[in-house]
file target_22.pdb (PDB, C-alpha atoms and all ligand atoms)
ATOM      1  CA  MET A 254     -22.128  18.568 -60.581  1.00  0.00           C
ATOM      2  CA  GLU A 255     -22.705  17.490 -56.996  1.00  0.00           C
ATOM      3  CA  ARG A 256     -20.534  14.837 -55.384  1.00  0.00           C
ATOM      4  CA  ALA A 257     -23.458  12.380 -55.046  1.00  0.00           C
ATOM      5  CA  ASP A 258     -24.357  12.785 -58.734  1.00  0.00           C
ATOM      6  CA  ALA A 259     -20.738  12.222 -59.721  1.00  0.00           C
ATOM      7  CA  ILE A 260     -20.715   8.962 -57.757  1.00  0.00           C
ATOM      8  CA  LEU A 261     -23.956   7.856 -59.439  1.00  0.00           C
ATOM      9  CA  LEU A 262     -22.492   8.651 -62.866  1.00  0.00           C
ATOM     10  CA  LEU A 263     -19.334   6.731 -61.991  1.00  0.00           C
ATOM     11  CA  GLN A 264     -21.407   3.739 -60.872  1.00  0.00           C
ATOM     12  CA  GLU A 265     -23.017   3.621 -64.312  1.00  0.00           C
ATOM     13  CA  HIS A 266     -19.606   2.896 -65.812  1.00  0.00           C
ATOM     14  CA  VAL A 267     -17.552   1.217 -63.097  1.00  0.00           C
ATOM     15  CA  VAL A 268     -18.380  -2.125 -61.492  1.00  0.00           C
ATOM     16  CA  LYS A 269     -15.214  -3.180 -59.712  1.00  0.00           C
ATOM     17  CA  GLU A 270     -15.143  -2.321 -56.002  1.00  0.00           C
ATOM     18  CA  SER A 271     -11.386  -1.731 -56.074  1.00  0.00           C
ATOM     19  CA  LEU A 272     -11.725   0.844 -58.860  1.00  0.00           C
ATOM     20  CA  MET A 273     -14.592   2.578 -57.038  1.00  0.00           C
ATOM     21  CA  ALA A 274     -12.409   2.762 -53.932  1.00  0.00           C
ATOM     22  CA  HIS A 275      -9.499   4.129 -55.990  1.00  0.00           C
ATOM     23  CA  CYS A 276     -11.735   6.871 -57.409  1.00  0.00           C
ATOM     24  CA  ARG A 277     -13.137   7.756 -53.973  1.00  0.00           C
ATOM     25  CA  ALA A 278      -9.637   7.868 -52.501  1.00  0.00           C
ATOM     26  CA  THR A 279      -8.248  10.007 -55.317  1.00  0.00           C
ATOM     27  CA  ALA A 280     -11.232  12.357 -54.899  1.00  0.00           C
ATOM     28  CA  ALA A 281     -10.674  12.694 -51.151  1.00  0.00           C
ATOM     29  CA  ILE A 282      -7.038  13.677 -51.723  1.00  0.00           C
ATOM     30  CA  MET A 283      -8.085  16.091 -54.471  1.00  0.00           C
ATOM     31  CA  ARG A 284     -10.574  17.764 -52.130  1.00  0.00           C
ATOM     32  CA  ALA A 285      -7.983  18.137 -49.382  1.00  0.00           C
ATOM     33  CA  THR A 286      -5.360  19.417 -51.823  1.00  0.00           C
ATOM     34  CA  ALA A 287      -7.769  22.019 -53.184  1.00  0.00           C
ATOM     35  CA  GLY A 288      -8.468  23.138 -49.624  1.00  0.00           C
ATOM     36  CA  ALA A 289      -4.765  23.576 -48.948  1.00  0.00           C
ATOM     37  CA  LEU A 290      -4.218  25.502 -52.192  1.00  0.00           C
ATOM     38  CA  ASP A 291      -7.342  27.652 -51.895  1.00  0.00           C
ATOM     39  CA  GLU A 292      -8.805  26.088 -55.022  1.00  0.00           C
ATOM     40  CA  ASP A 293     -12.377  24.869 -55.692  1.00  0.00           C
ATOM     41  CA  ALA A 294     -12.654  21.821 -53.413  1.00  0.00           C
ATOM     42  CA  ASP A 295     -16.070  20.707 -54.731  1.00  0.00           C
ATOM     43  CA  LEU A 296     -14.859  20.843 -58.334  1.00  0.00           C
ATOM     44  CA  TRP A 297     -11.580  19.063 -57.609  1.00  0.00           C
ATOM     45  CA  GLU A 298     -13.406  16.335 -55.702  1.00  0.00           C
ATOM     46  CA  VAL A 299     -15.734  15.720 -58.664  1.00  0.00           C
ATOM     47  CA  ILE A 300     -12.718  15.551 -61.009  1.00  0.00           C
ATOM     48  CA  GLY A 301     -11.172  12.957 -58.694  1.00  0.00           C
ATOM     49  CA  ILE A 302     -14.354  10.872 -58.562  1.00  0.00           C
ATOM     50  CA  LEU A 303     -14.695  10.842 -62.354  1.00  0.00           C
ATOM     51  CA  HIS A 304     -11.058  10.661 -63.511  1.00  0.00           C
ATOM     52  CA  ASP A 305     -11.108   6.910 -64.300  1.00  0.00           C
ATOM     53  CA  ILE A 306     -14.746   6.681 -65.421  1.00  0.00           C
ATOM     54  CA  ASP A 307     -13.708   5.077 -68.723  1.00  0.00           C
ATOM     55  CA  TYR A 308     -11.223   2.633 -67.212  1.00  0.00           C
ATOM     56  CA  GLU A 309     -13.341  -0.511 -67.501  1.00  0.00           C
ATOM     57  CA  GLU A 310     -14.804   0.457 -70.873  1.00  0.00           C
ATOM     58  CA  VAL A 311     -11.445   1.085 -72.572  1.00  0.00           C
ATOM     59  CA  ASP A 312     -10.435  -2.361 -71.309  1.00  0.00           C
ATOM     60  CA  GLY A 313      -6.698  -1.787 -71.239  1.00  0.00           C
ATOM     61  CA  ASP A 314      -6.507   0.409 -74.341  1.00  0.00           C
ATOM     62  CA  MET A 315      -4.392   3.174 -72.870  1.00  0.00           C
ATOM     63  CA  GLN A 316      -4.517   5.140 -76.128  1.00  0.00           C
ATOM     64  CA  CYS A 317      -8.196   5.755 -75.392  1.00  0.00           C
ATOM     65  CA  HIS A 318      -8.055   6.077 -71.598  1.00  0.00           C
ATOM     66  CA  GLY A 319      -8.717   9.643 -70.540  1.00  0.00           C
ATOM     67  CA  ASN A 320      -9.955  10.807 -73.920  1.00  0.00           C
ATOM     68  CA  ALA A 321     -12.873   8.369 -73.769  1.00  0.00           C
ATOM     69  CA  GLY A 322     -13.618   9.532 -70.231  1.00  0.00           C
ATOM     70  CA  ALA A 323     -13.521  13.181 -71.246  1.00  0.00           C
ATOM     71  CA  ALA A 324     -15.858  12.518 -74.201  1.00  0.00           C
ATOM     72  CA  LEU A 325     -18.266  10.677 -71.950  1.00  0.00           C
ATOM     73  CA  LEU A 326     -18.275  13.526 -69.425  1.00  0.00           C
ATOM     74  CA  LEU A 327     -18.814  16.188 -72.098  1.00  0.00           C
ATOM     75  CA  ALA A 328     -21.717  14.102 -73.447  1.00  0.00           C
ATOM     76  CA  ALA A 329     -23.126  13.946 -69.913  1.00  0.00           C
ATOM     77  CA  GLY A 330     -23.181  17.738 -69.868  1.00  0.00           C
ATOM     78  CA  LEU A 331     -20.047  18.428 -67.844  1.00  0.00           C
ATOM     79  CA  GLY A 332     -17.658  21.132 -68.953  1.00  0.00           C
ATOM     80  CA  GLU A 333     -14.025  21.201 -69.990  1.00  0.00           C
ATOM     81  CA  GLU A 334     -13.059  22.196 -66.424  1.00  0.00           C
ATOM     82  CA  VAL A 335     -13.811  18.562 -65.515  1.00  0.00           C
ATOM     83  CA  ALA A 336     -13.204  16.817 -68.850  1.00  0.00           C
ATOM     84  CA  GLY A 337      -9.827  18.508 -69.474  1.00  0.00           C
ATOM     85  CA  PRO A 338      -8.032  17.239 -66.366  1.00  0.00           C
ATOM     86  CA  VAL A 339      -9.646  13.801 -66.886  1.00  0.00           C
ATOM     87  CA  ARG A 340      -8.238  13.666 -70.447  1.00  0.00           C
ATOM     88  CA  ARG A 341      -4.800  15.007 -69.494  1.00  0.00           C
ATOM     89  CA  HIS A 342      -4.304  12.723 -66.507  1.00  0.00           C
ATOM     90  CA  ASN A 343      -3.249  10.230 -69.182  1.00  0.00           C
ATOM     91  CA  PHE A 344      -0.228  12.507 -69.523  1.00  0.00           C
ATOM     92  CA  GLU A 345       1.789  10.058 -71.607  1.00  0.00           C
ATOM     93  CA  THR A 346      -0.795  10.130 -74.389  1.00  0.00           C
ATOM     94  CA  TYR A 347      -2.464  13.531 -74.177  1.00  0.00           C
ATOM     95  CA  GLY A 348       0.320  15.798 -73.054  1.00  0.00           C
ATOM     96  CA  ASP A 349       1.183  17.162 -69.713  1.00  0.00           C
ATOM     97  CA  THR A 350       0.792  20.510 -68.038  1.00  0.00           C
ATOM     98  CA  ASP A 351       1.902  21.804 -64.686  1.00  0.00           C
ATOM     99  CA  THR A 352      -1.329  23.580 -63.824  1.00  0.00           C
ATOM    100  CA  PRO A 353      -2.375  23.084 -60.196  1.00  0.00           C
ATOM    101  CA  VAL A 354      -5.347  20.853 -61.039  1.00  0.00           C
ATOM    102  CA  ASP A 355      -3.444  18.607 -63.476  1.00  0.00           C
ATOM    103  CA  THR A 356      -0.490  18.288 -61.134  1.00  0.00           C
ATOM    104  CA  ALA A 357      -2.773  17.542 -58.197  1.00  0.00           C
ATOM    105  CA  LEU A 358      -4.749  14.916 -60.129  1.00  0.00           C
ATOM    106  CA  THR A 359      -1.800  12.816 -61.246  1.00  0.00           C
ATOM    107  CA  ALA A 360      -0.245  13.166 -57.788  1.00  0.00           C
ATOM    108  CA  ALA A 361      -3.474  12.077 -56.062  1.00  0.00           C
ATOM    109  CA  ASP A 362      -3.962   9.262 -58.591  1.00  0.00           C
ATOM    110  CA  ASN A 363      -0.656   7.765 -57.411  1.00  0.00           C
ATOM    111  CA  MET A 364      -0.733   8.891 -53.795  1.00  0.00           C
ATOM    112  CA  SER A 365      -4.097   7.211 -53.152  1.00  0.00           C
ATOM    113  CA  GLY A 366      -2.707   3.798 -54.091  1.00  0.00           C
ATOM    114  CA  LEU A 367       0.366   4.297 -52.000  1.00  0.00           C
ATOM    115  CA  VAL A 368      -1.556   5.194 -48.839  1.00  0.00           C
ATOM    116  CA  ILE A 369      -3.964   2.276 -49.354  1.00  0.00           C
ATOM    117  CA  ALA A 370      -0.986  -0.067 -49.822  1.00  0.00           C
ATOM    118  CA  CYS A 371       0.451   1.246 -46.524  1.00  0.00           C
ATOM    119  CA  ALA A 372      -2.838   0.318 -44.823  1.00  0.00           C
ATOM    120  CA  MET A 373      -2.849  -3.156 -46.400  1.00  0.00           C
ATOM    121  CA  VAL A 374       0.522  -4.054 -44.876  1.00  0.00           C
ATOM    122  CA  LYS A 375      -0.975  -3.052 -41.536  1.00  0.00           C
ATOM    123  CA  GLY A 376      -3.841  -5.511 -41.956  1.00  0.00           C
ATOM    124  CA  GLY A 377      -6.170  -2.941 -43.500  1.00  0.00           C
ATOM    125  CA  ARG A 378      -5.783  -0.566 -40.554  1.00  0.00           C
ATOM    126  CA  LEU A 379      -5.548   2.856 -42.157  1.00  0.00           C
ATOM    127  CA  SER A 380      -5.812   4.375 -38.684  1.00  0.00           C
ATOM    128  CA  GLU A 381      -2.256   3.121 -38.051  1.00  0.00           C
ATOM    129  CA  VAL A 382      -0.803   4.835 -41.134  1.00  0.00           C
ATOM    130  CA  THR A 383       0.932   8.173 -40.624  1.00  0.00           C
ATOM    131  CA  ALA A 384       2.768  10.636 -42.859  1.00  0.00           C
ATOM    132  CA  LYS A 385       5.959   9.043 -41.505  1.00  0.00           C
ATOM    133  CA  THR A 386       4.819   5.608 -42.741  1.00  0.00           C
ATOM    134  CA  VAL A 387       4.264   7.081 -46.196  1.00  0.00           C
ATOM    135  CA  LYS A 388       7.611   8.883 -46.207  1.00  0.00           C
ATOM    136  CA  LYS A 389       9.388   5.605 -45.448  1.00  0.00           C
ATOM    137  CA  LYS A 390       7.442   3.539 -47.986  1.00  0.00           C
ATOM    138  CA  VAL A 391       7.846   6.095 -50.793  1.00  0.00           C
ATOM    139  CA  LYS A 392      11.595   5.461 -50.655  1.00  0.00           C
ATOM    140  CA  ASP A 393      11.125   1.701 -51.033  1.00  0.00           C
ATOM    141  CA  LYS A 394      10.839   1.413 -54.814  1.00  0.00           C
ATOM    142  CA  ALA A 395       9.634  -2.189 -54.671  1.00  0.00           C
ATOM    143  CA  PHE A 396       6.690  -1.177 -52.466  1.00  0.00           C
ATOM    144  CA  ALA A 397       3.510  -0.380 -54.441  1.00  0.00           C
ATOM    145  CA  ALA A 398       5.746  -0.131 -57.498  1.00  0.00           C
ATOM    146  CA  GLY A 399       2.814   0.918 -59.703  1.00  0.00           C
ATOM    147  CA  CYS A 400       2.512   4.197 -57.790  1.00  0.00           C
ATOM    148  CA  ASN A 401       4.582   6.705 -59.727  1.00  0.00           C
ATOM    149  CA  ARG A 402       6.816   8.619 -57.292  1.00  0.00           C
ATOM    150  CA  ASP A 403       7.709  11.268 -59.875  1.00  0.00           C
ATOM    151  CA  ARG A 404       4.060  12.215 -60.234  1.00  0.00           C
ATOM    152  CA  ILE A 405       3.701  12.479 -56.464  1.00  0.00           C
ATOM    153  CA  ARG A 406       6.830  14.627 -56.186  1.00  0.00           C
ATOM    154  CA  ARG A 407       5.509  17.119 -58.733  1.00  0.00           C
ATOM    155  CA  ILE A 408       3.149  18.425 -56.053  1.00  0.00           C
ATOM    156  CA  GLU A 409       6.261  20.056 -54.538  1.00  0.00           C
ATOM    157  CA  THR A 410       5.655  22.996 -56.868  1.00  0.00           C
ATOM    158  CA  TYR A 411       2.687  23.781 -54.645  1.00  0.00           C
ATOM    159  CA  MET A 412       3.423  22.349 -51.203  1.00  0.00           C
ATOM    160  CA  GLU A 413       6.024  20.534 -49.147  1.00  0.00           C
ATOM    161  CA  LEU A 414       5.964  16.764 -49.486  1.00  0.00           C
ATOM    162  CA  PRO A 415       5.533  16.042 -45.735  1.00  0.00           C
ATOM    163  CA  ALA A 416       2.467  18.293 -45.723  1.00  0.00           C
ATOM    164  CA  TYR A 417       1.116  16.471 -48.763  1.00  0.00           C
ATOM    165  CA  TYR A 418       1.639  13.074 -47.134  1.00  0.00           C
ATOM    166  CA  ALA A 419      -0.138  14.242 -43.968  1.00  0.00           C
ATOM    167  CA  LEU A 420      -3.026  15.756 -45.927  1.00  0.00           C
ATOM    168  CA  SER A 421      -3.425  12.592 -48.003  1.00  0.00           C
ATOM    169  CA  VAL A 422      -3.402  10.233 -45.020  1.00  0.00           C
ATOM    170  CA  ALA A 423      -5.937  12.398 -43.160  1.00  0.00           C
ATOM    171  CA  ALA A 424      -8.164  12.617 -46.249  1.00  0.00           C
ATOM    172  CA  LEU A 425      -8.294   8.840 -46.614  1.00  0.00           C
ATOM    173  CA  GLN A 426      -8.763   8.255 -42.890  1.00  0.00           C
ATOM    174  CA  ASN A 427     -11.862  10.457 -43.174  1.00  0.00           C
ATOM    175  CA  ILE A 428     -13.456   8.029 -45.634  1.00  0.00           C
ATOM    176  CA  LYS A 429     -11.871   4.796 -44.466  1.00  0.00           C
ATOM    177  CA  GLU A 430     -15.192   2.919 -44.232  1.00  0.00           C
ATOM    178  CA  ASP A 431     -15.920   3.778 -47.885  1.00  0.00           C
ATOM    179  CA  LEU A 432     -12.573   2.202 -48.739  1.00  0.00           C
ATOM    180  CA  GLY A 433     -13.284  -0.961 -46.769  1.00  0.00           C
ATOM    181  CA  LEU A 434     -10.484  -0.127 -44.326  1.00  0.00           C
ATOM    182  CA  SER A 435     -10.423   0.385 -40.581  1.00  0.00           C
TER     183      SER A 435
HETATM  184 FE    FE B 501      -6.722   6.685 -61.357  1.00  0.00          FE
END
call {"tool": "encode", "arguments": {"input": "target_22.pdb", "output": "structure tokens", "more": "lines below"}}
Ligand SMILES: [Fe+2]
result
Amino acid sequence: MERADAILLLQEHVVKESLMAHCRATAAIMRATAGALDEDADLWEVIGILHDIDYEEVDGDMQCHGNAGAALLLAAGLGEEVAGPVRRHNFETYGDTDTPVDTALTAADNMSGLVIACAMVKGGRLSEVTAKTVKKKVKDKAFAAGCNRDRIRRIETYMELPAYYALSVAALQNIKEDLGLS
């Protein structure tokens, strides 16, 4: 599936601007991570775009989140290479693996929120956020407390954390207008 088609499919199921931005941000980090790891960047980006496609429809039922998304994607004609990571990113319910794509998805899912939160404390200016900003804020447990640091750290199996912070910041700066940031 092409990126543009993935966004259209997401828009059929997601209304909230903040959730759209979260999916776009997670996708941008997934694409950059795939590039760094010599993986399929187009595929990883699509997985990032679609990972929370069921979020509004499950309406807080975390037992269904992920599985409902995977079912929806399979019904839409996508394969297990997309549906599997989408299902398993709800690692608490559907089990966890340390494959590159699963590790990257749960890391990006949390990293995206952290970088956006860094921009918000700078008045929405993502251009002022650096890897150093992220490194400092990651240590502050009260900051963006919903962003799971353990999931971010798991990327260390594949790359150094400072490199991951830099890659994530650059990826989001690339799409900052899509995120409503400057
Ligand atoms: Fe997410």
call {"tool": "resolve_selection", "arguments": {"input": "target_22.pdb", "expression": "the PyMOL selection byres (((chain A and resi 415-420) around 8) and not hetatm)", "output": "PyMOL selection string"}}
result
chain A and resi 282+285-286+383-384+387-388+408+412-414+421-424
call {"tool": "resolve_selection", "arguments": {"input": "target_22.pdb", "expression": "the PyMOL selection byres (((not hetatm)) within 8 of (chain B and resi 501))", "output": "PyMOL selection string"}}
result
chain A and resi 275-276+279+304-305+359+362-363
call {"tool": "closest_residue", "arguments": {"input": "target_22.pdb", "among": "A:Ala323, A:Leu434, A:Cys371, A:Val299", "to": "Lys385 of chain A", "atoms": "only C-alpha atoms"}}
result
A:Cys371
call {"tool": "residues_near_point", "arguments": {"input": "target_22.pdb", "point": "(-16.4, 17.4, -65.3)", "cutoff": "8 Å", "atoms": "only C-alpha atoms", "output": "number ranges by chain"}}
result
A: 254, 296, 299-300, 303, 323, 326-327, 331-337, 339
call {"tool": "closest_residue", "arguments": {"input": "target_22.pdb", "among": "A:Asn401, A:Ser380, A:Thr386, A:Ser365", "to": "Ser435 of chain A", "atoms": "all atoms listed in the file"}}
result
A:Ser380
call {"tool": "atom_distance", "arguments": {"input": "target_22.pdb", "atom1": "atom CA of Gly366 of chain A", "atom2": "atom CA of Asn320 of chain A"}}
result
22.2 Å
call {"tool": "atom_distance", "arguments": {"input": "target_22.pdb", "atom1": "atom CA of Arg284 of chain A", "atom2": "atom CA of Met364 of chain A"}}
result
13.4 Å
call {"tool": "atom_distance", "arguments": {"input": "target_22.pdb", "atom1": "atom CA of Thr356 of chain A", "atom2": "atom CA of Ala281 of chain A"}}
result
15.3 Å
call {"tool": "closest_atom_pairs", "arguments": {"input": "target_22.pdb", "of": "segment 316-378 of chain A", "to": "segment 427-432 of chain A", "cutoff": "12 Å", "atoms": "all atoms listed in the file", "output": "JSON lines"}}
result
{"residue": "A:Ser365", "atom": "CA", "partner": "A:Leu432", "partner_atom": "CA", "distance": 10.8}
{"residue": "A:Gly366", "atom": "CA", "partner": "A:Leu432", "partner_atom": "CA", "distance": 11.3}
{"residue": "A:Val368", "atom": "CA", "partner": "A:Lys429", "partner_atom": "CA", "distance": 11.2}
{"residue": "A:Ile369", "atom": "CA", "partner": "A:Leu432", "partner_atom": "CA", "distance": 8.6}
{"residue": "A:Ala370", "atom": "CA", "partner": "A:Leu432", "partner_atom": "CA", "distance": 11.9}
{"residue": "A:Ala372", "atom": "CA", "partner": "A:Lys429", "partner_atom": "CA", "distance": 10.1}
{"residue": "A:Met373", "atom": "CA", "partner": "A:Leu432", "partner_atom": "CA", "distance": 11.3}
{"residue": "A:Gly377", "atom": "CA", "partner": "A:Lys429", "partner_atom": "CA", "distance": 9.7}
{"residue": "A:Arg378", "atom": "CA", "partner": "A:Lys429", "partner_atom": "CA", "distance": 9.0}
call {"tool": "resolve_selection", "arguments": {"input": "target_22.pdb", "expression": "the PyMOL selection byres (((chain A and resi 397) around 8) and not hetatm)", "output": "MDAnalysis selection string"}}
result
chainID A and resid 366:367 370 394:396 398:400
call {"tool": "closest_residue", "arguments": {"input": "target_22.pdb", "among": "A:Ala280, A:Asp291, A:Lys390, A:Glu381", "to": "Leu358 of chain A", "atoms": "only C-alpha atoms"}}
result
A:Ala280
call {"tool": "residues_around", "arguments": {"input": "target_22.pdb", "residues": "Val267 of chain A", "least_positions_apart": "4", "cutoff": "8 Å", "atoms": "all atoms listed in the file", "output": "PyMOL selection string"}}
result
chain A and resi 263+272-273+306-309
call {"tool": "write_last_selection", "arguments": {"input": "target_22.pdb", "atoms": "C-alpha atoms", "output": "compact mmCIF listing (two decimals), in the frame of the given file"}}
result
# COMPACT_ATOMS: atom_id res chain seq x y z
CA LEU A 263 -19.33 6.73 -61.99
CA LEU A 272 -11.72 0.84 -58.86
CA MET A 273 -14.59 2.58 -57.04
CA ILE A 306 -14.75 6.68 -65.42
CA ASP A 307 -13.71 5.08 -68.72
CA TYR A 308 -11.22 2.63 -67.21
CA GLU A 309 -13.34 -0.51 -67.50
call {"tool": "closest_residue", "arguments": {"input": "target_22.pdb", "among": "A:Glu345, A:Gly330, A:Ile260, A:Leu379", "to": "His318 of chain A", "atoms": "all atoms listed in the file"}}
result
A:Glu345
call {"tool": "closest_residue", "arguments": {"input": "target_22.pdb", "among": "A:Ala274, A:Asp349, A:Arg340, A:Val374", "to": "Leu325 of chain A", "atoms": "all atoms listed in the file"}}
result
A:Arg340
call {"tool": "decode", "arguments": {"input": "target_22.pdb", "residues": "segment 385-415 of chain A", "atoms": "N, CA and C atoms", "output": "PDB file, in the first residue's frame"}}
result
ATOM      1  N   LYS A 385      19.666  16.688  22.105  1.00  0.00           N
ATOM      2  CA  LYS A 385      20.062  17.015  23.484  1.00  0.00           C
ATOM      3  C   LYS A 385      18.830  17.359  24.340  1.00  0.00           C
ATOM      4  N   THR A 386      17.882  18.090  23.742  1.00  0.00           N
ATOM      5  CA  THR A 386      16.627  18.392  24.448  1.00  0.00           C
ATOM      6  C   THR A 386      15.948  17.091  24.860  1.00  0.00           C
ATOM      7  N   VAL A 387      15.869  16.165  23.902  1.00  0.00           N
ATOM      8  CA  VAL A 387      15.186  14.892  24.146  1.00  0.00           C
ATOM      9  C   VAL A 387      15.910  14.115  25.240  1.00  0.00           C
ATOM     10  N   LYS A 388      17.223  14.063  25.152  1.00  0.00           N
ATOM     11  CA  LYS A 388      18.018  13.316  26.131  1.00  0.00           C
ATOM     12  C   LYS A 388      17.740  13.815  27.555  1.00  0.00           C
ATOM     13  N   LYS A 389      17.640  15.135  27.685  1.00  0.00           N
ATOM     14  CA  LYS A 389      17.379  15.744  28.989  1.00  0.00           C
ATOM     15  C   LYS A 389      15.961  15.415  29.465  1.00  0.00           C
ATOM     16  N   LYS A 390      15.000  15.546  28.575  1.00  0.00           N
ATOM     17  CA  LYS A 390      13.590  15.363  28.951  1.00  0.00           C
ATOM     18  C   LYS A 390      13.242  13.893  29.215  1.00  0.00           C
ATOM     19  N   VAL A 391      13.927  12.983  28.553  1.00  0.00           N
ATOM     20  CA  VAL A 391      13.697  11.550  28.789  1.00  0.00           C
ATOM     21  C   VAL A 391      13.964  11.210  30.260  1.00  0.00           C
ATOM     22  N   LYS A 392      14.944  11.873  30.832  1.00  0.00           N
ATOM     23  CA  LYS A 392      15.332  11.580  32.224  1.00  0.00           C
ATOM     24  C   LYS A 392      14.330  12.125  33.234  1.00  0.00           C
ATOM     25  N   ASP A 393      13.545  13.117  32.818  1.00  0.00           N
ATOM     26  CA  ASP A 393      12.554  13.731  33.693  1.00  0.00           C
ATOM     27  C   ASP A 393      11.260  12.906  33.609  1.00  0.00           C
ATOM     28  N   LYS A 394      11.079  12.038  34.604  1.00  0.00           N
ATOM     29  CA  LYS A 394       9.977  11.064  34.531  1.00  0.00           C
ATOM     30  C   LYS A 394       8.601  11.716  34.530  1.00  0.00           C
ATOM     31  N   ALA A 395       8.525  12.914  35.108  1.00  0.00           N
ATOM     32  CA  ALA A 395       7.227  13.607  35.174  1.00  0.00           C
ATOM     33  C   ALA A 395       6.865  14.225  33.821  1.00  0.00           C
ATOM     34  N   PHE A 396       7.867  14.400  32.962  1.00  0.00           N
ATOM     35  CA  PHE A 396       7.637  15.025  31.656  1.00  0.00           C
ATOM     36  C   PHE A 396       7.061  13.987  30.686  1.00  0.00           C
ATOM     37  N   ALA A 397       5.948  14.339  30.039  1.00  0.00           N
ATOM     38  CA  ALA A 397       5.303  13.417  29.084  1.00  0.00           C
ATOM     39  C   ALA A 397       5.300  12.006  29.660  1.00  0.00           C
ATOM     40  N   ALA A 398       4.710  11.889  30.854  1.00  0.00           N
ATOM     41  CA  ALA A 398       4.793  10.642  31.622  1.00  0.00           C
ATOM     42  C   ALA A 398       4.154   9.460  30.893  1.00  0.00           C
ATOM     43  N   GLY A 399       3.251   9.741  29.956  1.00  0.00           N
ATOM     44  CA  GLY A 399       2.605   8.667  29.197  1.00  0.00           C
ATOM     45  C   GLY A 399       3.519   8.028  28.161  1.00  0.00           C
ATOM     46  N   CYS A 400       4.661   8.650  27.899  1.00  0.00           N
ATOM     47  CA  CYS A 400       5.601   8.090  26.918  1.00  0.00           C
ATOM     48  C   CYS A 400       6.527   7.113  27.621  1.00  0.00           C
ATOM     49  N   ASN A 401       6.393   5.863  27.283  1.00  0.00           N
ATOM     50  CA  ASN A 401       7.059   4.760  27.971  1.00  0.00           C
ATOM     51  C   ASN A 401       8.558   4.712  27.612  1.00  0.00           C
ATOM     52  N   ARG A 402       9.377   5.070  28.583  1.00  0.00           N
ATOM     53  CA  ARG A 402      10.842   5.122  28.351  1.00  0.00           C
ATOM     54  C   ARG A 402      11.427   3.741  28.086  1.00  0.00           C
ATOM     55  N   ASP A 403      10.865   2.712  28.719  1.00  0.00           N
ATOM     56  CA  ASP A 403      11.392   1.358  28.503  1.00  0.00           C
ATOM     57  C   ASP A 403      11.238   0.943  27.038  1.00  0.00           C
ATOM     58  N   ARG A 404      10.093   1.315  26.459  1.00  0.00           N
ATOM     59  CA  ARG A 404       9.869   0.950  25.060  1.00  0.00           C
ATOM     60  C   ARG A 404      10.830   1.704  24.146  1.00  0.00           C
ATOM     61  N   ILE A 405      11.127   2.938  24.494  1.00  0.00           N
ATOM     62  CA  ILE A 405      12.091   3.707  23.691  1.00  0.00           C
ATOM     63  C   ILE A 405      13.471   3.062  23.801  1.00  0.00           C
ATOM     64  N   ARG A 406      13.848   2.713  25.028  1.00  0.00           N
ATOM     65  CA  ARG A 406      15.196   2.160  25.256  1.00  0.00           C
ATOM     66  C   ARG A 406      15.424   0.833  24.544  1.00  0.00           C
ATOM     67  N   ARG A 407      14.354   0.099  24.275  1.00  0.00           N
ATOM     68  CA  ARG A 407      14.524  -1.194  23.599  1.00  0.00           C
ATOM     69  C   ARG A 407      15.152  -1.068  22.208  1.00  0.00           C
ATOM     70  N   ILE A 408      15.097   0.121  21.635  1.00  0.00           N
ATOM     71  CA  ILE A 408      15.701   0.325  20.319  1.00  0.00           C
ATOM     72  C   ILE A 408      17.228   0.160  20.396  1.00  0.00           C
ATOM     73  N   GLU A 409      17.763   0.197  21.620  1.00  0.00           N
ATOM     74  CA  GLU A 409      19.217   0.053  21.803  1.00  0.00           C
ATOM     75  C   GLU A 409      19.764  -1.267  21.270  1.00  0.00           C
ATOM     76  N   THR A 410      18.894  -2.251  21.115  1.00  0.00           N
ATOM     77  CA  THR A 410      19.320  -3.510  20.487  1.00  0.00           C
ATOM     78  C   THR A 410      19.831  -3.242  19.070  1.00  0.00           C
ATOM     79  N   TYR A 411      19.304  -2.183  18.467  1.00  0.00           N
ATOM     80  CA  TYR A 411      19.588  -1.932  17.051  1.00  0.00           C
ATOM     81  C   TYR A 411      20.404  -0.679  16.781  1.00  0.00           C
ATOM     82  N   MET A 412      20.341   0.297  17.685  1.00  0.00           N
ATOM     83  CA  MET A 412      21.141   1.510  17.489  1.00  0.00           C
ATOM     84  C   MET A 412      21.342   2.234  18.811  1.00  0.00           C
ATOM     85  N   GLU A 413      22.318   3.109  18.825  1.00  0.00           N
ATOM     86  CA  GLU A 413      22.598   3.896  20.032  1.00  0.00           C
ATOM     87  C   GLU A 413      21.452   4.882  20.262  1.00  0.00           C
ATOM     88  N   LEU A 414      21.147   5.112  21.533  1.00  0.00           N
ATOM     89  CA  LEU A 414      20.051   6.032  21.842  1.00  0.00           C
ATOM     90  C   LEU A 414      20.252   7.449  21.293  1.00  0.00           C
ATOM     91  N   PRO A 415      21.450   8.050  21.422  1.00  0.00           N
ATOM     92  CA  PRO A 415      21.619   9.408  20.882  1.00  0.00           C
ATOM     93  C   PRO A 415      21.318   9.470  19.376  1.00  0.00           C
TER      94      PRO A 415
END
